[in-house]
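Chemist: Quick one: structure below, then a few questions.
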Amino acid sequence: MPNVRVLRDIKARNGVNANEILRRAYLYVARNQNLPPQVRYQAQLQLNTFGKYTRPTTVKNRCAESGRGRGIMSEFGLCRYQFRLKALAGEIPGVKKASW
């Protein structure tokens, strides 16, 4: 069963992807100094109506196995410890323990 943190991160990623274009359009309007203040204010109000998981800053890389948020190897989606365990068990193709 996936970790709760991983499920929350998946939910955040889906929310960001679903609202990215509309959110960027409102941000552009809200930051455009050439537009009238009333239009910019309305765009800012629309931005405030978006949910918590539509902001790109809520997305965090997490380990797919343990849900750990630090020490992530982005190519594999695993934290250092899980990467080591899977590499030693031979579950990651092309990766083996170095010896010289």
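All residue names refer to the structure tokens as shown: chains lettered A, B, ... in order, residues numbered from 1 in each chain, ligands numbered from 1 in order.
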Give the strand (DSSP E or B) residues of chain A, as assigned by DSSP on the backbone, as a ChimeraX atom specification.

Modeler: /A:72-73,78-79

Chemist: Based on the selection just made, write C-alpha atoms of those residues as an mmCIF file, in the first residue's frame.

Modeler:
data_model
loop_
_atom_site.group_PDB
_atom_site.id
_atom_site.type_symbol
_atom_site.label_atom_id
_atom_site.label_comp_id
_atom_site.auth_asym_id
_atom_site.auth_seq_id
_atom_site.Cartn_x
_atom_site.Cartn_y
_atom_site.Cartn_z
ATOM 1 C CA ILE A 72 15.796 11.306 -3.747
ATOM 2 C CA MET A 73 17.541 10.011 -6.869
ATOM 3 C CA LEU A 78 13.835 6.257 -4.923
ATOM 4 C CA CYS A 79 15.555 7.541 -1.800
#

Chemist: If we count only C-alpha atoms and set the cut-off at 7 Å, which residues sit around Arg62 in chain A, ignoring sequence neighbours fewer than 5 positions away in its own chain? Please answer as number ranges by chain.

Modeler: A: 6, 67-69, 72

Chemist: For the selection you just gave me, I'd like the residues written to a file as a CSV table (one decimal), in the first residue's frame, keeping N, CA, C and O atoms.

Modeler:
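Contents of the output file part24.csv:
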chain,number,residue,atom,x,y,z
A,6,VAL,N,2.9,9.9,-0.3
A,6,VAL,CA,3.0,9.7,-1.8
A,6,VAL,C,1.6,10.0,-2.4
A,6,VAL,O,1.6,10.6,-3.5
A,67,GLY,N,8.1,6.9,0.7
A,67,GLY,CA,7.5,8.2,0.9
A,67,GLY,C,8.4,9.3,1.5
A,67,GLY,O,8.0,10.4,1.7
A,68,ARG,N,9.7,8.9,1.6
A,68,ARG,CA,10.7,9.9,2.1
A,68,ARG,C,10.9,11.0,1.2
A,68,ARG,O,10.9,10.8,0.0
A,69,GLY,N,11.0,12.2,1.7
A,69,GLY,CA,11.1,13.4,0.9
A,69,GLY,C,12.5,13.9,0.7
A,69,GLY,O,12.7,15.0,0.1
A,72,ILE,N,16.5,12.0,-2.6
A,72,ILE,CA,15.8,11.3,-3.7
A,72,ILE,C,16.7,11.3,-5.0
A,72,ILE,O,17.3,12.3,-5.4

Chemist: Quick one: residues within 9 Å of Glu20 in chain A, only C-alpha atoms, excluding same-chain residues fewer than 6 positions away - as a compact mmCIF listing (two decimals) with N, CA and C atoms, in the first residue's frame?

Modeler:
# COMPACT_ATOMS: atom_id res chain seq x y z
N THR A 54 -3.30 23.11 -6.25
CA THR A 54 -3.11 23.57 -7.63
C THR A 54 -1.85 24.41 -7.76
N ARG A 55 -1.17 24.66 -6.66
CA ARG A 55 0.07 25.44 -6.69
C ARG A 55 1.25 24.52 -6.98
N PRO A 56 2.13 24.92 -7.89
CA PRO A 56 3.28 24.07 -8.21
C PRO A 56 4.23 23.86 -7.03

Chemist: Tell me which protein, DNA and RNA residues are within 12 Å of Ile92 in chain A, counting only C-alpha atoms, leaving out same-chain ones fewer than 2 positions away, and put them as a list of chain:residue names.

Modeler: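 Selected residues are A:Glu75, A:Phe76, A:Gly77, A:Leu78, A:Gln82, A:Phe83, A:Arg84, A:Leu85, A:Lys86, A:Ala87, A:Leu88, A:Ala89, A:Gly90, A:Gly94, A:Val95, A:Lys96, A:Lys97.
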
Chemist: Calculate how many Å separate CA of Gly15 in chain A from CA of Val29 in chain A, rounding to one decimal.

Modeler: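 Separation between CA of Gly15 in chain A and CA of Val29 in chain A: 21.1 Å.
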